[in-house]
Each structure stands twice: as C-alpha cells, then as structure tokens.
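See below for the structure under consideration.
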Amino acid sequence: MKTTIVPGVGFDNIKFGMTEDEVLDVLGNPDEIEVQEMEDGESVNIYYYDDLGVSMSFDSMEDYKLVELAFDDSRYTMEKNFFPGMSKNMFLEHVGELGKYYIEDLSDEDSDVTELYVFEDKNINVWLREGVVDTIQTGPFWRDDENVSWPQ
C-alpha cells in the first residue's frame with residue numbers, strides 16, 4: 001500500500017514539529033541515529049528507519065523538532081504520484097505539476113550522475129541518480145526566513 005507524503009505536513013501520523021520522543025512513541029527506535037555537529041555549535045539528530053525507507057532530521061535550532069523527512073522507498077508517493085524509483089523520463093513528464101523549480105547538477109568524476117531538483121516554494125528536493133528518482137526530501141513550510149509554519 002502507498003503512503004502519501006504531504007508537503008509541509010509529513011506522512012501518516014508523523015508531522016513536522018514533532019519532538020524526538022513523540023516520533024519514538026509512534027515508530028519505536030530507529031535502526032540508526034546520526035548526530036551531525038555544525039560549525040556554529042548547533043546540531044542535527046538524524047533517525048534512520050531502514051525498513052520504512054525514511055530518515056528524519058531533528059534540528060537543535062528548532063528545539064529538536066522534526067524539520068526534514070527523506071524518502072527513498074517507492075511505497076511513498078507525493079502529489080501527482082511522484083515517488084522514489086520512478087524513471088527520470090516519467091518524472092520530467094510531470095515535473096511542472098510540482099511548481100517552479102531549479103536544477104543543480106551535482107555529478108562529478110567520483111560519483112554517479114546526480115541532479116537535484118529544488119522546489120523552494122514547497123520546501124521539496126528531488127534527487128535523481130542514474131536516471132531514477134532516488135530520494136524525495138521535504139520539510140515544513142516557512143512563514144518567513146526565520147519562522148516555521150508548523151502543521152496543526
């Protein structure tokens with residue numbers, strides 16, 4: 001069964017703005033937790049749920065609330081049936097339906113060809129590797145440059 005990714009909100013019972021404890025109450029312990037320390041002293045805790053095909057980021061700047069989801073499993077769909085695993089050609093046929101975007105070419109000699117489609121208005125990034133949608137990242141909407149619009 002497909003699970004719908006709702007931009008600016010989350011998926012199923014997981015919503016942006018939840019605390020780490022709230023997510024743990026819903027999903028249990030992750031397979032792995034990575035702590036990323038930033039140069040400015042802030043940090044991000046990333047929870048990896050391998051069986052679910054999703055990772056979740058909790059940022060210290062937002063009191064360790066859920067600020068980002070990354071999906072790499074085809075059971076997740078967004079909007080007009082965009083999903084990890086879809087071909088680049090299929091993605092490109094409908095990419096305009098997600099709204100205005102720009103593309104970053106992130107390929108280099110040491111990696112596979114990688115493109116990043118950035119939809120700033122919807123806080124969505126779509127990563128393509130070797131002609132396939134690899135990952136869909138999304139976060140909450142922002143009221144302005146400093147204030148998150150947490151879903152209800």
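Labeling convention for the structure tokens: chains A, B, ... as they appear, residues from 1 per chain, ligands from 1 in order of appearance.
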
Got a sec: who's within 10 Å of stretch 126-129 of chain A, counting only C-alpha atoms, leaving out chain neighbours fewer than 4 positions off, as an MDAnalysis selection string?
chainID A and resid 70:72 82:88 91 103:107 111:119 133:138

Using DSSP on the backbone, list every residue of stretch 12-116 of chain A that comes out as strand (DSSP E), and give them as a VMD selection string.
chain A and resid 14 to 15 32 to 37 43 to 49 54 to 59 65 to 71 76 to 78 102 to 105 114 to 116

What separates atom CA of A:Ser43 and atom CA of A:Asp21 is a distance of 17.0 Å

Give me the residues within 7 Å of A:Tyr47 as a ChimeraX atom specification, counting only C-alpha atoms and dropping any in the same chain fewer than 6 places off.
/A:30,32-34,55-57

For the residues in that selection, give me C-alpha atoms as a short mmCIF file (atom, residue, chain, number, x, y, z; two decimals), in the first residue's frame.
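And here's selection-v9.cif as it stands now:
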```
data_model
loop_
_atom_site.label_atom_id
_atom_site.label_comp_id
_atom_site.auth_asym_id
_atom_site.auth_seq_id
_atom_site.Cartn_x
_atom_site.Cartn_y
_atom_site.Cartn_z
CA PRO A 30 15.26 3.86 14.65
CA GLU A 32 20.48 4.16 13.45
CA ILE A 33 20.91 7.66 14.88
CA GLU A 34 23.48 10.01 13.39
CA SER A 55 15.07 9.27 7.56
CA MET A 56 14.08 12.12 9.87
CA SER A 57 16.08 15.15 10.96
#
```

Neighbours of A:Gln152 within 12 Å (only C-alpha atoms; same-chain residues fewer than 2 positions away dropped), as a PDB file with C-alpha atoms, in the first residue's frame?
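Ended up saving to selection.pdb:
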```pdb
ATOM      1  CA  GLY A   8       4.615  20.989   4.590  1.00  0.00           C
ATOM      2  CA  VAL A   9       2.897  18.439   6.854  1.00  0.00           C
ATOM      3  CA  GLY A  10       4.569  14.985   6.849  1.00  0.00           C
ATOM      4  CA  ASN A  13       0.878  10.155  11.913  1.00  0.00           C
ATOM      5  CA  ILE A  14       4.293  11.814  11.550  1.00  0.00           C
ATOM      6  CA  LYS A  15       4.107  15.601  11.340  1.00  0.00           C
ATOM      7  CA  PHE A  16       6.741  18.294  11.142  1.00  0.00           C
ATOM      8  CA  GLY A  17       7.254  19.877  14.536  1.00  0.00           C
ATOM      9  CA  MET A  18       7.010  16.609  16.469  1.00  0.00           C
ATOM     10  CA  PRO A 140       7.755  22.267   6.827  1.00  0.00           C
ATOM     11  CA  SER A 149       4.775  27.369   9.893  1.00  0.00           C
ATOM     12  CA  TRP A 150       4.272  24.142  11.834  1.00  0.00           C
TER      13      TRP A 150
END
```

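The residue that comes closest to A:Leu27, out of A:Val6, A:Val67, A:Val44, A:Leu52 and on the basis of only C-alpha atoms, is A:Leu52.
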
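The nearest approach to A:Met61 among the residues A:Met38, A:Val26, A:Met78, A:Ile46, with only C-alpha atoms taken into account, belongs to A:Met38.
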
Using only C-alpha atoms, the shortest atom-to-atom distance to A:Val35 among A:Leu92, A:Asp12, A:Phe58, A:Thr19 belongs to A:Phe58

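Considering the residues A:Pro7, A:Val54, A:Gln36, A:Tyr102 and counting only C-alpha atoms, A:Phe141 has its shortest atom-to-atom contact with A:Pro7.
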
Kindly indicate which residue among A:Leu98, A:Val148, A:Leu24, A:Leu69 lies nearest to A:Asn81, using only C-alpha atoms for the distances.
A:Leu98
